[in-house]
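Beneath this line is the structure, given in structure tokens, with notes to follow.
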Amino acid sequence: MGITFLWCLVILLVVGCLLSLRVIYVIRKIRSFRTMKSSRIREQSSTATMKTMIIAGSGGHSTEILRLLSGIDTTRYKPRVYVVANTDRMSDGKITNFEKNGEHFEIVRIPRSREVKQSWSTTVWSTLVACLYCLPLTFYKSPDLILCNGPGTCIPLCLAGFLLTVLGVKKVAIVFVESICRVETLSLSGKILHYFADELIVQWPQLQLRYPQTRYIGKIV
């Protein structure tokens, strides 16, 4: 019994070490692409379509992400899977109004990882619940691209997408667009995704100077 337990422990340690090395490798590769001002997203054929998961937050986040989408070729980024928090009662209407033709999109709901003014002590549990829900959802939808702009809902989904990349299931590109209201510092979501997002876009030049691995391309929303 003792030997069996020891072997299990050794196997777990080996798997943990290999997984850790894989995570480090993927993060280093992502950051090297940022440093070279390159992008796997732009490297893809201009005629290829990308299944896109778009994370919409309540209030201004949804407005900003839809303004961003209005400026890109949505015929390339399809089908589109919009993800909204289950307590968000406003985003559905905005998304449906934006997607007037009713084609190539769907809306799914997930538990919110953190409500406005929710205590940090309870956020740990709600974030864990959201992660457990987002992992199978992301594996099932299998997006090529995750696009988000700051709501806390985006973190579990981006982590799930990153896990798909780490496990070698498929490469999921993660693009984070920082809200225009963030002038001097990144949001909490931005600070977390700064480690592993493929693209982290900011809308103020002074913010790019403070975080050199971000990309400033002017006001986009």
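Simple scheme: letters A, B, ... for chains in structure tokens order, numbers from 1 for residues in each chain, numbers from 1 for ligands in the order shown.
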Please, which residues of segment 135-194 of chain A, numbered as in this document, come out alpha helix (DSSP H) from DSSP, as a PyMOL selection string? chain A and resi 135-141+154-166+188-193
Produce a table with one row for each residue of segment 153-196 of chain A that has an atom at most 12 Å from any atom of segment 65-75 of chain A, each row naming the nearest atom pair and its distance in Å at one decimal; use only C-alpha atoms; arrange rows by chain and rising residue number; format as a tab-separated table.
```
residue	atom	partner	partner_atom	distance
A:Val175	CA	A:Ile65	CA	11.7
A:Phe176	CA	A:Ile65	CA	10.3
A:Val177	CA	A:Ile65	CA	8.5
A:Glu178	CA	A:Ile65	CA	10.2
A:Ser179	CA	A:Ile65	CA	9.2
A:Ile180	CA	A:Ile65	CA	11.0
```
For Ile110 of chain A: contacts at 12 Å, only C-alpha atoms, fewer than 5 positions along chain excluded, given as a PyMOL selection string: chain A and resi 55-57+82-88+126-127+129-138+152-154+156-157
Selection export as a short mmCIF file (atom, residue, chain, number, x, y, z; two decimals), in the first residue's frame, atoms kept: N, CA, C and O atoms:
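File result.cif, as written:
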```
data_model
loop_
_atom_site.label_atom_id
_atom_site.label_comp_id
_atom_site.auth_asym_id
_atom_site.auth_seq_id
_atom_site.Cartn_x
_atom_site.Cartn_y
_atom_site.Cartn_z
N ILE A 55 -16.91 37.96 -25.11
CA ILE A 55 -17.38 38.05 -23.73
C ILE A 55 -17.94 39.44 -23.48
O ILE A 55 -17.21 40.43 -23.54
N ALA A 56 -19.21 39.51 -23.23
CA ALA A 56 -19.89 40.79 -23.04
C ALA A 56 -20.16 41.01 -21.55
O ALA A 56 -20.68 40.14 -20.87
N GLY A 57 -19.78 42.17 -21.07
CA GLY A 57 -20.06 42.52 -19.68
C GLY A 57 -21.25 43.46 -19.61
O GLY A 57 -21.69 44.01 -20.62
N TYR A 82 -21.54 34.69 -28.17
CA TYR A 82 -21.53 35.74 -27.15
C TYR A 82 -21.77 35.11 -25.79
O TYR A 82 -22.70 34.33 -25.61
N VAL A 83 -20.94 35.47 -24.82
CA VAL A 83 -21.08 34.94 -23.47
C VAL A 83 -21.42 36.09 -22.53
O VAL A 83 -20.71 37.10 -22.49
N VAL A 84 -22.52 35.95 -21.81
CA VAL A 84 -22.95 36.98 -20.85
C VAL A 84 -23.20 36.32 -19.50
O VAL A 84 -23.48 35.12 -19.41
N ALA A 85 -23.07 37.11 -18.45
CA ALA A 85 -23.33 36.60 -17.11
C ALA A 85 -24.82 36.36 -16.91
O ALA A 85 -25.66 37.06 -17.49
N ASN A 86 -25.15 35.37 -16.09
CA ASN A 86 -26.56 35.02 -15.91
C ASN A 86 -27.37 36.08 -15.17
O ASN A 86 -28.60 36.03 -15.16
N THR A 87 -26.69 37.07 -14.57
CA THR A 87 -27.42 38.16 -13.91
C THR A 87 -27.45 39.42 -14.77
O THR A 87 -27.97 40.45 -14.33
N ASP A 88 -26.91 39.35 -15.95
CA ASP A 88 -26.88 40.50 -16.86
C ASP A 88 -28.17 40.52 -17.67
O ASP A 88 -28.39 39.65 -18.52
N SER A 126 -17.19 32.11 -5.84
CA SER A 126 -17.96 32.36 -7.06
C SER A 126 -17.08 32.22 -8.31
O SER A 126 -17.55 31.75 -9.35
N THR A 127 -15.81 32.60 -8.20
CA THR A 127 -14.90 32.45 -9.33
C THR A 127 -14.62 30.98 -9.60
O THR A 127 -14.54 30.55 -10.77
N VAL A 129 -16.67 28.47 -8.99
CA VAL A 129 -17.89 27.95 -9.63
C VAL A 129 -17.91 28.33 -11.11
O VAL A 129 -18.22 27.51 -11.99
N ALA A 130 -17.56 29.60 -11.41
CA ALA A 130 -17.55 30.06 -12.79
C ALA A 130 -16.53 29.28 -13.62
O ALA A 130 -16.80 28.91 -14.77
N CYS A 131 -15.36 29.02 -13.04
CA CYS A 131 -14.32 28.26 -13.75
C CYS A 131 -14.78 26.85 -14.06
O CYS A 131 -14.56 26.34 -15.18
N LEU A 132 -15.43 26.21 -13.11
CA LEU A 132 -15.92 24.84 -13.31
C LEU A 132 -16.98 24.80 -14.42
O LEU A 132 -17.11 23.81 -15.13
N TYR A 133 -17.72 25.89 -14.57
CA TYR A 133 -18.75 25.97 -15.61
C TYR A 133 -18.12 26.31 -16.97
O TYR A 133 -18.52 25.78 -18.01
N CYS A 134 -17.13 27.21 -16.94
CA CYS A 134 -16.55 27.71 -18.19
C CYS A 134 -15.67 26.69 -18.88
O CYS A 134 -15.56 26.70 -20.12
N LEU A 135 -15.03 25.82 -18.12
CA LEU A 135 -14.11 24.86 -18.72
C LEU A 135 -14.79 23.95 -19.73
O LEU A 135 -14.38 23.89 -20.90
N PRO A 136 -15.88 23.24 -19.34
CA PRO A 136 -16.54 22.39 -20.35
C PRO A 136 -17.19 23.20 -21.47
O PRO A 136 -17.24 22.75 -22.62
N LEU A 137 -17.68 24.41 -21.14
CA LEU A 137 -18.29 25.25 -22.18
C LEU A 137 -17.26 25.62 -23.24
O LEU A 137 -17.54 25.51 -24.44
N THR A 138 -16.07 26.03 -22.82
CA THR A 138 -15.03 26.43 -23.77
C THR A 138 -14.54 25.23 -24.57
O THR A 138 -14.31 25.34 -25.78
N GLY A 152 -15.16 40.81 -15.29
CA GLY A 152 -14.60 39.69 -14.54
C GLY A 152 -14.99 38.34 -15.11
O GLY A 152 -14.27 37.35 -14.94
N THR A 153 -16.12 38.31 -15.81
CA THR A 153 -16.59 37.08 -16.44
C THR A 153 -15.55 36.51 -17.41
O THR A 153 -15.51 35.30 -17.65
N CYS A 154 -14.69 37.37 -17.97
CA CYS A 154 -13.77 36.92 -19.01
C CYS A 154 -12.63 36.05 -18.46
O CYS A 154 -12.08 35.23 -19.21
N PRO A 156 -12.36 33.40 -16.17
CA PRO A 156 -12.50 31.94 -16.25
C PRO A 156 -12.50 31.43 -17.68
O PRO A 156 -11.93 30.37 -17.97
N LEU A 157 -13.13 32.16 -18.61
CA LEU A 157 -13.19 31.72 -20.00
C LEU A 157 -11.81 31.79 -20.66
O LEU A 157 -11.42 30.88 -21.40
#
```
Which polymer residues have any atom within 7 Å of an atom of segment 164-170 of chain A, counting only C-alpha atoms, with same-chain residues fewer than 3 positions away left out, as a VMD selection string? chain A and resid 22 to 23 26 160 to 161
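For the set A:Arg76, A:His104, A:Lys29, A:Arg182, the residue with the smallest atom-to-atom gap to Gln206 of chain A is A:Arg182, counting only C-alpha atoms.
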Give me, as a PyMOL selection string, the residues of segment 37-177 of chain A that a backbone DSSP run labels strand (DSSP E). chain A and resi 52-55+80-85+105-110+145-148+173-177
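Candidate residues A:Arg80, A:Arg89, A:Cys17, A:Trp125 were compared for distance to Gly102 of chain A, and the nearest is A:Arg80, using only C-alpha atoms.
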Given only C-alpha atoms as the basis, pick out the residue of A:Ile155, A:Leu21, A:Leu200, A:Gln208 nearest to Phe33 of chain A. A:Leu200
Selection: 8 Å around Asp198 of chain A, only C-alpha atoms, excl. self and same-chain fewer than 2 positions, as a list of chain:residue names: A:Ile30, A:Arg31, A:Phe33, A:Arg34, A:Ser39, A:Ala173, A:Ile174, A:Val175, A:Phe196, A:Leu200
For the residues in the current selection, export N, CA and C atoms as a PDB file, in the first residue's frame.
```
ATOM      1  N   ILE A  30       4.182  33.256 -26.140  1.00  0.00           N
ATOM      2  CA  ILE A  30       3.219  34.344 -26.332  1.00  0.00           C
ATOM      3  C   ILE A  30       3.900  35.691 -26.149  1.00  0.00           C
ATOM      4  N   ARG A  31       4.702  35.812 -25.087  1.00  0.00           N
ATOM      5  CA  ARG A  31       5.362  37.091 -24.794  1.00  0.00           C
ATOM      6  C   ARG A  31       6.411  37.430 -25.848  1.00  0.00           C
ATOM      7  N   PHE A  33       6.144  36.695 -29.019  1.00  0.00           N
ATOM      8  CA  PHE A  33       5.375  37.203 -30.153  1.00  0.00           C
ATOM      9  C   PHE A  33       5.007  38.663 -29.918  1.00  0.00           C
ATOM     10  N   ARG A  34       4.631  38.990 -28.700  1.00  0.00           N
ATOM     11  CA  ARG A  34       4.292  40.382 -28.390  1.00  0.00           C
ATOM     12  C   ARG A  34       5.503  41.286 -28.578  1.00  0.00           C
ATOM     13  N   SER A  39       1.907  38.575 -34.526  1.00  0.00           N
ATOM     14  CA  SER A  39       0.675  37.989 -34.025  1.00  0.00           C
ATOM     15  C   SER A  39       0.294  36.777 -34.826  1.00  0.00           C
ATOM     16  N   ALA A 173      -6.494  31.765 -29.574  1.00  0.00           N
ATOM     17  CA  ALA A 173      -5.937  33.112 -29.464  1.00  0.00           C
ATOM     18  C   ALA A 173      -6.805  33.938 -28.513  1.00  0.00           C
ATOM     19  N   ILE A 174      -6.172  34.656 -27.616  1.00  0.00           N
ATOM     20  CA  ILE A 174      -6.887  35.487 -26.643  1.00  0.00           C
ATOM     21  C   ILE A 174      -6.518  36.943 -26.882  1.00  0.00           C
ATOM     22  N   VAL A 175      -7.511  37.762 -27.181  1.00  0.00           N
ATOM     23  CA  VAL A 175      -7.298  39.194 -27.412  1.00  0.00           C
ATOM     24  C   VAL A 175      -8.086  39.977 -26.371  1.00  0.00           C
ATOM     25  N   PHE A 196      -0.789  36.085 -20.154  1.00  0.00           N
ATOM     26  CA  PHE A 196      -0.959  35.018 -21.133  1.00  0.00           C
ATOM     27  C   PHE A 196      -1.866  35.341 -22.323  1.00  0.00           C
ATOM     28  N   LEU A 200      -2.807  42.257 -26.036  1.00  0.00           N
ATOM     29  CA  LEU A 200      -3.397  43.088 -24.993  1.00  0.00           C
ATOM     30  C   LEU A 200      -3.343  44.520 -25.508  1.00  0.00           C
TER      31      LEU A 200
END
```
